[in-house]
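Below is final00.pdb, holding PDB, C-alpha atoms.
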ATOM      1  CA  MET K 983       0.000   0.000   0.000  1.00  0.00           C
ATOM      2  CA  LYS K 984       1.269   3.413  -0.936  1.00  0.00           C
ATOM      3  CA  ILE K 985       0.279   4.946   2.412  1.00  0.00           C
ATOM      4  CA  LEU K 986       2.682   2.643   4.269  1.00  0.00           C
ATOM      5  CA  GLN K 987       5.540   3.898   2.088  1.00  0.00           C
ATOM      6  CA  ASP K 988       4.379   7.486   2.588  1.00  0.00           C
ATOM      7  CA  ILE K 989       4.373   7.062   6.378  1.00  0.00           C
ATOM      8  CA  GLU K 990       7.926   5.682   6.207  1.00  0.00           C
ATOM      9  CA  LYS K 991       8.964   8.715   4.123  1.00  0.00           C
ATOM     10  CA  ALA K 992       7.315  11.061   6.651  1.00  0.00           C
ATOM     11  CA  MET K 993       9.281   9.358   9.458  1.00  0.00           C
ATOM     12  CA  GLU K 994      12.488   9.857   7.430  1.00  0.00           C
ATOM     13  CA  LEU K 995      11.627  13.553   7.062  1.00  0.00           C
ATOM     14  CA  LEU K 996      11.077  13.749  10.821  1.00  0.00           C
ATOM     15  CA  ARG K 997      14.349  11.929  11.561  1.00  0.00           C
ATOM     16  CA  ASP K 998      16.263  14.301   9.287  1.00  0.00           C
ATOM     17  CA  HIS K 999      14.625  17.299  10.951  1.00  0.00           C
ATOM     18  CA  LEU K1000      15.360  16.097  14.496  1.00  0.00           C
ATOM     19  CA  THR K1001      18.931  14.999  13.745  1.00  0.00           C
ATOM     20  CA  PRO K1002      20.233  16.886  10.696  1.00  0.00           C
ATOM     21  CA  ASN K1003      23.763  15.609  11.369  1.00  0.00           C
ATOM     22  CA  GLU K1004      25.102  12.103  11.951  1.00  0.00           C
ATOM     23  CA  PRO K1005      24.394   9.917  13.824  1.00  0.00           C
ATOM     24  CA  LYS K1006      20.783   9.784  12.725  1.00  0.00           C
ATOM     25  CA  LEU K1007      18.042   8.997  15.199  1.00  0.00           C
ATOM     26  CA  VAL K1008      16.425   5.618  14.510  1.00  0.00           C
ATOM     27  CA  ILE K1009      12.648   5.901  13.990  1.00  0.00           C
ATOM     28  CA  ASP K1010      11.064   2.618  12.985  1.00  0.00           C
ATOM     29  CA  ARG K1011       7.797   0.716  13.200  1.00  0.00           C
ATOM     30  CA  GLU K1012       7.245  -0.499  16.730  1.00  0.00           C
ATOM     31  CA  SER K1013       7.237  -4.164  15.739  1.00  0.00           C
ATOM     32  CA  GLN K1014      10.465  -3.898  13.726  1.00  0.00           C
ATOM     33  CA  ILE K1015      12.925  -2.243  16.069  1.00  0.00           C
ATOM     34  CA  GLU K1016      15.438  -4.163  18.114  1.00  0.00           C
ATOM     35  CA  PRO K1017      14.316  -4.146  21.740  1.00  0.00           C
ATOM     36  CA  LYS K1018      17.463  -2.400  22.946  1.00  0.00           C
ATOM     37  CA  SER K1019      18.539  -0.130  20.121  1.00  0.00           C
ATOM     38  CA  LEU K1020      20.896   2.700  20.795  1.00  0.00           C
ATOM     39  CA  TYR K1021      19.090   5.169  22.988  1.00  0.00           C
ATOM     40  CA  PRO K1022      17.305   7.441  22.257  1.00  0.00           C
ATOM     41  CA  PHE K1023      15.155   6.073  19.457  1.00  0.00           C
ATOM     42  CA  GLY K1024      11.714   6.602  17.994  1.00  0.00           C
ATOM     43  CA  LEU K1025       8.842   4.232  17.375  1.00  0.00           C
ATOM     44  CA  TYR K1026       5.639   4.545  15.418  1.00  0.00           C
ATOM     45  CA  LYS K1027       2.634   2.289  15.204  1.00  0.00           C
ATOM     46  CA  ILE K1028      -0.239   2.471  12.750  1.00  0.00           C
ATOM     47  CA  LEU K1029      -3.382   2.503  14.865  1.00  0.00           C
ATOM     48  CA  ASN K1030      -5.898   2.436  12.022  1.00  0.00           C
ATOM     49  CA  LEU K1031      -6.575   3.228   8.381  1.00  0.00           C
ATOM     50  CA  PHE K1032      -9.882   4.866   7.448  1.00  0.00           C
ATOM     51  CA  GLN K1033     -11.417   5.615   4.078  1.00  0.00           C
ATOM     52  CA  VAL K1034     -14.746   7.056   3.007  1.00  0.00           C
ATOM     53  CA  PRO K1035     -17.232   4.657   1.408  1.00  0.00           C
ATOM     54  CA  GLU K1036     -17.093   4.161  -2.369  1.00  0.00           C
ATOM     55  CA  HIS K1037     -20.350   6.059  -2.947  1.00  0.00           C
ATOM     56  CA  SER K1038     -18.839   9.160  -1.301  1.00  0.00           C
ATOM     57  CA  ALA K1039     -15.707   9.130  -3.459  1.00  0.00           C
ATOM     58  CA  SER K1040     -15.176  11.712  -6.173  1.00  0.00           C
ATOM     59  CA  LYS K1041     -15.017  10.447  -9.740  1.00  0.00           C
ATOM     60  CA  VAL K1042     -13.630  12.247 -12.777  1.00  0.00           C
ATOM     61  CA  LEU K1043     -13.463  11.163 -16.409  1.00  0.00           C
ATOM     62  CA  GLU K1044     -10.350  12.237 -18.288  1.00  0.00           C
ATOM     63  CA  PRO K1045      -9.434  11.614 -21.918  1.00  0.00           C
ATOM     64  CA  ILE K1046      -6.558   9.279 -22.665  1.00  0.00           C
ATOM     65  CA  VAL K1047      -3.810  11.098 -24.518  1.00  0.00           C
ATOM     66  CA  VAL K1048      -0.996   9.197 -26.244  1.00  0.00           C
ATOM     67  CA  ASP K1049       1.677  11.123 -28.159  1.00  0.00           C
ATOM     68  CA  ASP K1050      -0.469  14.291 -28.043  1.00  0.00           C
ATOM     69  CA  VAL K1051      -3.401  12.453 -29.653  1.00  0.00           C
ATOM     70  CA  THR K1052      -6.657  12.032 -27.738  1.00  0.00           C
ATOM     71  CA  ASP K1053      -8.533   8.762 -28.193  1.00  0.00           C
ATOM     72  CA  PRO K1054     -12.221   9.754 -28.374  1.00  0.00           C
ATOM     73  CA  ASP K1055     -13.448   6.253 -27.532  1.00  0.00           C
ATOM     74  CA  LYS K1056     -11.440   5.735 -24.346  1.00  0.00           C
ATOM     75  CA  LEU K1057     -11.425   7.558 -21.034  1.00  0.00           C
ATOM     76  CA  ASN K1058      -9.798   7.094 -17.655  1.00  0.00           C
ATOM     77  CA  GLU K1059     -12.152   7.057 -14.698  1.00  0.00           C
ATOM     78  CA  ILE K1060     -10.230   8.409 -11.700  1.00  0.00           C
ATOM     79  CA  THR K1061     -11.743   7.703  -8.284  1.00  0.00           C
ATOM     80  CA  LYS K1062     -10.412   9.592  -5.248  1.00  0.00           C
ATOM     81  CA  LYS K1063     -11.319   8.571  -1.724  1.00  0.00           C
ATOM     82  CA  ILE K1064     -10.437  10.752   1.215  1.00  0.00           C
ATOM     83  CA  SER K1065      -8.550   8.506   3.604  1.00  0.00           C
ATOM     84  CA  ARG K1066      -6.790   8.815   6.938  1.00  0.00           C
ATOM     85  CA  ALA K1067      -4.059   6.893   8.733  1.00  0.00           C
ATOM     86  CA  THR K1068      -3.789   7.380  12.491  1.00  0.00           C
ATOM     87  CA  ILE K1069      -0.379   6.673  13.954  1.00  0.00           C
ATOM     88  CA  SER K1070       1.134   6.794  17.396  1.00  0.00           C
ATOM     89  CA  ILE K1071       4.678   8.171  17.660  1.00  0.00           C
ATOM     90  CA  SER K1072       6.868   7.545  20.716  1.00  0.00           C
ATOM     91  CA  PHE K1073      10.414   8.410  21.711  1.00  0.00           C
ATOM     92  CA  VAL K1074      12.342   6.195  24.116  1.00  0.00           C
ATOM     93  CA  HIS K1075      15.339   6.849  26.374  1.00  0.00           C
ATOM     94  CA  ASN K1076      16.798   4.571  29.033  1.00  0.00           C
ATOM     95  CA  LYS K1077      17.990   7.305  31.408  1.00  0.00           C
ATOM     96  CA  SER K1078      16.165  10.542  30.718  1.00  0.00           C
ATOM     97  CA  LEU K1079      12.467  11.311  30.586  1.00  0.00           C
ATOM     98  CA  ALA K1080      13.451  14.892  29.699  1.00  0.00           C
ATOM     99  CA  THR K1081      15.284  13.745  26.537  1.00  0.00           C
ATOM    100  CA  ALA K1082      12.315  11.632  25.431  1.00  0.00           C
ATOM    101  CA  MET K1083       9.941  14.541  26.185  1.00  0.00           C
ATOM    102  CA  ASP K1084      12.137  16.979  24.225  1.00  0.00           C
ATOM    103  CA  LEU K1085      12.184  14.707  21.160  1.00  0.00           C
ATOM    104  CA  ALA K1086       8.395  14.256  21.288  1.00  0.00           C
ATOM    105  CA  SER K1087       7.890  18.014  21.658  1.00  0.00           C
ATOM    106  CA  ARG K1088      10.176  18.810  18.726  1.00  0.00           C
ATOM    107  CA  ALA K1089       8.492  16.126  16.598  1.00  0.00           C
ATOM    108  CA  MET K1090       5.047  17.509  17.415  1.00  0.00           C
ATOM    109  CA  ASP K1091       6.235  21.040  16.585  1.00  0.00           C
ATOM    110  CA  TYR K1092       7.575  19.791  13.241  1.00  0.00           C
ATOM    111  CA  PHE K1093       4.325  18.128  12.153  1.00  0.00           C
ATOM    112  CA  ASP K1094       2.369  21.187  13.338  1.00  0.00           C
ATOM    113  CA  SER K1095       4.594  23.646  11.416  1.00  0.00           C
ATOM    114  CA  ILE K1096       4.299  25.031   7.891  1.00  0.00           C
ATOM    115  CA  GLU K1097       7.695  23.449   7.114  1.00  0.00           C
ATOM    116  CA  GLY K1098       6.489  19.989   8.204  1.00  0.00           C
ATOM    117  CA  LEU K1099       3.154  20.387   6.417  1.00  0.00           C
ATOM    118  CA  LYS K1100       4.841  21.352   3.132  1.00  0.00           C
ATOM    119  CA  ALA K1101       7.390  18.529   3.386  1.00  0.00           C
ATOM    120  CA  CYS K1102       4.642  15.970   4.015  1.00  0.00           C
ATOM    121  CA  GLN K1103       2.390  17.376   1.299  1.00  0.00           C
ATOM    122  CA  ALA K1104       5.267  16.859  -1.136  1.00  0.00           C
ATOM    123  CA  ILE K1105       4.854  13.113  -0.460  1.00  0.00           C
ATOM    124  CA  GLU K1106       1.047  13.443  -0.706  1.00  0.00           C
ATOM    125  CA  VAL K1107       0.051  13.241   2.961  1.00  0.00           C
ATOM    126  CA  SER K1108      -1.121  16.009   5.296  1.00  0.00           C
ATOM    127  CA  PRO K1109      -0.273  15.707   9.009  1.00  0.00           C
ATOM    128  CA  LYS K1110      -2.815  16.740  11.620  1.00  0.00           C
ATOM    129  CA  LEU K1111      -2.310  16.386  15.362  1.00  0.00           C
ATOM    130  CA  VAL K1112      -4.992  14.358  17.139  1.00  0.00           C
ATOM    131  CA  SER K1113      -4.468  16.703  20.109  1.00  0.00           C
ATOM    132  CA  GLY K1114      -1.740  18.937  21.436  1.00  0.00           C
ATOM    133  CA  ASP K1115      -0.974  16.499  24.261  1.00  0.00           C
ATOM    134  CA  ILE K1116       2.333  14.719  24.741  1.00  0.00           C
ATOM    135  CA  GLN K1117       1.813  11.622  26.854  1.00  0.00           C
ATOM    136  CA  ASP K1118       4.183   9.954  29.311  1.00  0.00           C
ATOM    137  CA  ARG K1119       4.213   6.314  28.149  1.00  0.00           C
ATOM    138  CA  THR K1120       7.063   5.137  30.400  1.00  0.00           C
ATOM    139  CA  ILE K1121       7.394   1.338  30.745  1.00  0.00           C
ATOM    140  CA  PRO K1122       8.977  -0.326  33.792  1.00  0.00           C
ATOM    141  CA  MET K1123      11.546  -2.898  32.650  1.00  0.00           C
ATOM    142  CA  ASP K1124      12.068  -4.342  36.136  1.00  0.00           C
ATOM    143  CA  THR K1125      12.043  -2.955  39.678  1.00  0.00           C
ATOM    144  CA  ILE K1126      14.786  -0.379  39.054  1.00  0.00           C
ATOM    145  CA  ARG K1127      14.945   0.177  35.281  1.00  0.00           C
ATOM    146  CA  TYR K1128      12.584   2.040  32.992  1.00  0.00           C
ATOM    147  CA  ASP K1129      12.230   2.773  29.320  1.00  0.00           C
ATOM    148  CA  TYR K1130      11.254   6.431  29.466  1.00  0.00           C
ATOM    149  CA  ARG K1131       8.748   6.807  26.666  1.00  0.00           C
ATOM    150  CA  THR K1132       6.806   9.868  25.557  1.00  0.00           C
ATOM    151  CA  GLY K1133       4.680  10.422  22.507  1.00  0.00           C
ATOM    152  CA  PHE K1134       1.589  11.648  20.734  1.00  0.00           C
ATOM    153  CA  ASP K1135      -0.919  10.569  18.102  1.00  0.00           C
ATOM    154  CA  LEU K1136      -1.119  11.983  14.605  1.00  0.00           C
ATOM    155  CA  HIS K1137      -3.402  11.700  11.574  1.00  0.00           C
ATOM    156  CA  PHE K1138      -2.084  11.581   8.024  1.00  0.00           C
ATOM    157  CA  ASP K1139      -4.825  12.563   5.574  1.00  0.00           C
ATOM    158  CA  TYR K1140      -4.369  11.381   2.004  1.00  0.00           C
ATOM    159  CA  TYR K1141      -6.254  10.433  -1.149  1.00  0.00           C
ATOM    160  CA  LYS K1142      -6.569   6.834  -2.181  1.00  0.00           C
ATOM    161  CA  VAL K1143      -6.622   7.013  -5.985  1.00  0.00           C
ATOM    162  CA  LYS K1144      -7.834   4.318  -8.349  1.00  0.00           C
ATOM    163  CA  THR K1145      -7.744   4.660 -12.144  1.00  0.00           C
ATOM    164  CA  LYS K1146      -9.513   2.418 -14.617  1.00  0.00           C
ATOM    165  CA  GLN K1147      -9.964   2.686 -18.339  1.00  0.00           C
ATOM    166  CA  VAL K1148     -13.562   2.989 -19.516  1.00  0.00           C
ATOM    167  CA  GLY K1149     -15.214   3.377 -22.876  1.00  0.00           C
ATOM    168  CA  LYS K1150     -16.762   6.542 -24.207  1.00  0.00           C
ATOM    169  CA  PRO K1151     -19.773   7.540 -22.109  1.00  0.00           C
ATOM    170  CA  SER K1152     -23.046   7.113 -23.877  1.00  0.00           C
ATOM    171  CA  SER K1153     -24.939  10.283 -24.530  1.00  0.00           C
ATOM    172  CA  ALA K1154     -28.088  10.999 -22.582  1.00  0.00           C
ATOM    173  CA  PRO K1155     -31.282   9.804 -24.240  1.00  0.00           C
ATOM    174  CA  VAL K1156     -33.227  12.419 -26.092  1.00  0.00           C
ATOM    175  CA  ILE K1157     -36.792  12.790 -24.860  1.00  0.00           C
ATOM    176  CA  GLU K1158     -39.198  14.408 -27.195  1.00  0.00           C
ATOM    177  CA  GLU K1159     -42.310  15.993 -25.849  1.00  0.00           C
ATOM    178  CA  GLU K1160     -45.392  16.634 -27.951  1.00  0.00           C
TER     179      GLU K1160
END
Just give me the structure of the file as structure tokens.
Amino acid sequence: MKILQDIEKAMELLRDHLTPNEPKLVIDRESQIEPKSLYPFGLYKILNLFQVPEHSASKVLEPIVVDDVTDPDKLNEITKKISRATISISFVHNKSLATAMDLASRAMDYFDSIEGLKACQAIEVSPKLVSGDIQDRTIPMDTIRYDYRTGFDLHFDYYKVKTKQVGKPSSAPVIEEE
């Protein structure tokens, strides 16, 4: 699915914004990261994917043009569905809640900024904060160790586009009245 690739690209944009120099911060899907990566690191999890029903989608017919010649008997039907992916982003540190909180705050600021919006729109997604809250998601590892975790939830709005070739639309029937 294209949206999964777009979310990965958005996380790369975020990583590059948070750590413009080497070493780069690791931000990966929650299920794919090594349990004890180099601290700090980021995680994201796709909570859900939503799309509007087919009958609410917009449909447009466009002519098929090949080598600057339009084929009058063939059209492309382009269907666009407004869709949304909701993701949860967390930052983890083994010694500092403040470091994890700072990373989450900077990440939230990025997705809520014009710079972040434009960068994400270039990959065809629009970020929208679920709320302005950063949550403490700290996890006890044992009686004396913690993974200090902070994060927030974010929507990525996007269009799911489907194109199919259709024949020339038939003209409307002519009704004659007497």
Q: Can you pull out every residue within 7 Å of Phe1032 of chain K, counting all atoms listed in the file, but drop anything in the same chain fewer than 3 positions away, and send it as a list in words?
A: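 Here the answer would be Ser1065, Arg1066 and Ala1067 of chain K.
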What are the closest atom pairs, with distances in Å to one decimal, for each residue of segment 1014-1130 of chain K lying within 7 Å of segment 1134-1148 of chain K, using all atoms listed in the file, rows by chain and rising residue number, as JSON lines?
{"residue": "K:Lys1056", "atom": "CA", "partner": "K:Val1148", "partner_atom": "CA", "distance": 5.9}
{"residue": "K:Leu1057", "atom": "CA", "partner": "K:Val1148", "partner_atom": "CA", "distance": 5.3}
{"residue": "K:Asn1058", "atom": "CA", "partner": "K:Gln1147", "partner_atom": "CA", "distance": 4.5}
{"residue": "K:Glu1059", "atom": "CA", "partner": "K:Lys1146", "partner_atom": "CA", "distance": 5.3}
{"residue": "K:Ile1060", "atom": "CA", "partner": "K:Thr1145", "partner_atom": "CA", "distance": 4.5}
{"residue": "K:Thr1061", "atom": "CA", "partner": "K:Lys1144", "partner_atom": "CA", "distance": 5.2}
{"residue": "K:Lys1062", "atom": "CA", "partner": "K:Val1143", "partner_atom": "CA", "distance": 4.6}
{"residue": "K:Lys1063", "atom": "CA", "partner": "K:Lys1142", "partner_atom": "CA", "distance": 5.1}
{"residue": "K:Ile1064", "atom": "CA", "partner": "K:Tyr1141", "partner_atom": "CA", "distance": 4.8}
{"residue": "K:Ser1065", "atom": "CA", "partner": "K:Tyr1140", "partner_atom": "CA", "distance": 5.3}
{"residue": "K:Arg1066", "atom": "CA", "partner": "K:Asp1139", "partner_atom": "CA", "distance": 4.4}
{"residue": "K:Ala1067", "atom": "CA", "partner": "K:Phe1138", "partner_atom": "CA", "distance": 5.1}
{"residue": "K:Thr1068", "atom": "CA", "partner": "K:His1137", "partner_atom": "CA", "distance": 4.4}
{"residue": "K:Ile1069", "atom": "CA", "partner": "K:Leu1136", "partner_atom": "CA", "distance": 5.4}
{"residue": "K:Ser1070", "atom": "CA", "partner": "K:Asp1135", "partner_atom": "CA", "distance": 4.4}
{"residue": "K:Ile1071", "atom": "CA", "partner": "K:Phe1134", "partner_atom": "CA", "distance": 5.6}
{"residue": "K:Ser1072", "atom": "CA", "partner": "K:Phe1134", "partner_atom": "CA", "distance": 6.7}
{"residue": "K:Glu1106", "atom": "CA", "partner": "K:Tyr1140", "partner_atom": "CA", "distance": 6.4}
{"residue": "K:Val1107", "atom": "CA", "partner": "K:Tyr1140", "partner_atom": "CA", "distance": 4.9}
{"residue": "K:Ser1108", "atom": "CA", "partner": "K:Asp1139", "partner_atom": "CA", "distance": 5.1}
{"residue": "K:Pro1109", "atom": "CA", "partner": "K:Phe1138", "partner_atom": "CA", "distance": 4.6}
{"residue": "K:Lys1110", "atom": "CA", "partner": "K:His1137", "partner_atom": "CA", "distance": 5.1}
{"residue": "K:Leu1111", "atom": "CA", "partner": "K:Leu1136", "partner_atom": "CA", "distance": 4.6}
{"residue": "K:Val1112", "atom": "CA", "partner": "K:Leu1136", "partner_atom": "CA", "distance": 5.2}
{"residue": "K:Asp1115", "atom": "CA", "partner": "K:Phe1134", "partner_atom": "CA", "distance": 6.5}
{"residue": "K:Ile1116", "atom": "CA", "partner": "K:Phe1134", "partner_atom": "CA", "distance": 5.1}
{"residue": "K:Gln1117", "atom": "CA", "partner": "K:Phe1134", "partner_atom": "CA", "distance": 6.1}
Q: Work out how far apart atom CA of Ala1101 of chain K and atom CA of Leu1020 of chain K are and give it in Å to one decimal.
A: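 That distance, rounded to one decimal, is 27.1 Å.
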**Q.** All residues 10 Å or closer to Ala1080 of chain K, all atoms listed in the file, same chain fewer than 6 positions away omitted, as a list in words
**A.**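 In the requested form, the answer reads Ala1086, Tyr1130, Arg1131 and Thr1132 of chain K.
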First collect every listed atom of segment 1058-1062 of chain K; then fit an axis-aligned box around them, widen it by 3 Å on each side, and give centre and edge lengths in Å to one decimal, as JSON.
{"center_x": -11.0, "center_y": 8.3, "center_z": -11.5, "size_x": 8.4, "size_y": 8.5, "size_z": 18.4}
Q) Quick one: of K:Ile1121, K:Val1051, K:Ile1105, K:Leu1025, who's nearest to Lys991 of chain K, counting only C-alpha atoms? A)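 Among the listed residues, the smallest separation from Lys991 of chain K belongs to K:Ile1105.
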Q: For the structure shown, which residues end up in the PyMOL selection byres ((chain K and resi 1087) around 10)? Put them as JSON, numbers by chain, please?
A: {"K": [1073, 1081, 1082, 1083, 1084, 1085, 1086, 1088, 1089, 1090, 1091, 1092, 1114, 1115, 1116, 1132, 1133, 1134]}
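Selection by the PyMOL selection byres ((chain K and resi 989) around 10) on the present file picks out Lys984, Ile985, Leu986, Gln987, Asp988, Glu990, Lys991, Ala992, Met993, Glu994, Leu995, Arg1011, Tyr1026, Ile1028, Ala1067, Ile1069, Cys1102, Ile1105, Val1107 and Phe1138 of chain K.
Atom CA of Arg1119 of chain K to atom CA of Val1074 of chain K spans 9.1 Å [interatomic distance, one decimal].
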Q: Give the answer as one residue: which of K:Glu1044, K:Ser1113, K:Arg1127, K:Asn1076 has the shortest atom-to-atom distance to Gly1149 of chain K, using only C-alpha atoms?
A: K:Glu1044
Q: Figure out the distance between atom CA of Ser1078 of chain K and atom CA of Ser1013 of chain K, please, to one decimal in Å.
A: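 About the pair atom CA of Ser1013 of chain K and atom CA of Ser1078 of chain K: they are 22.8 Å apart.
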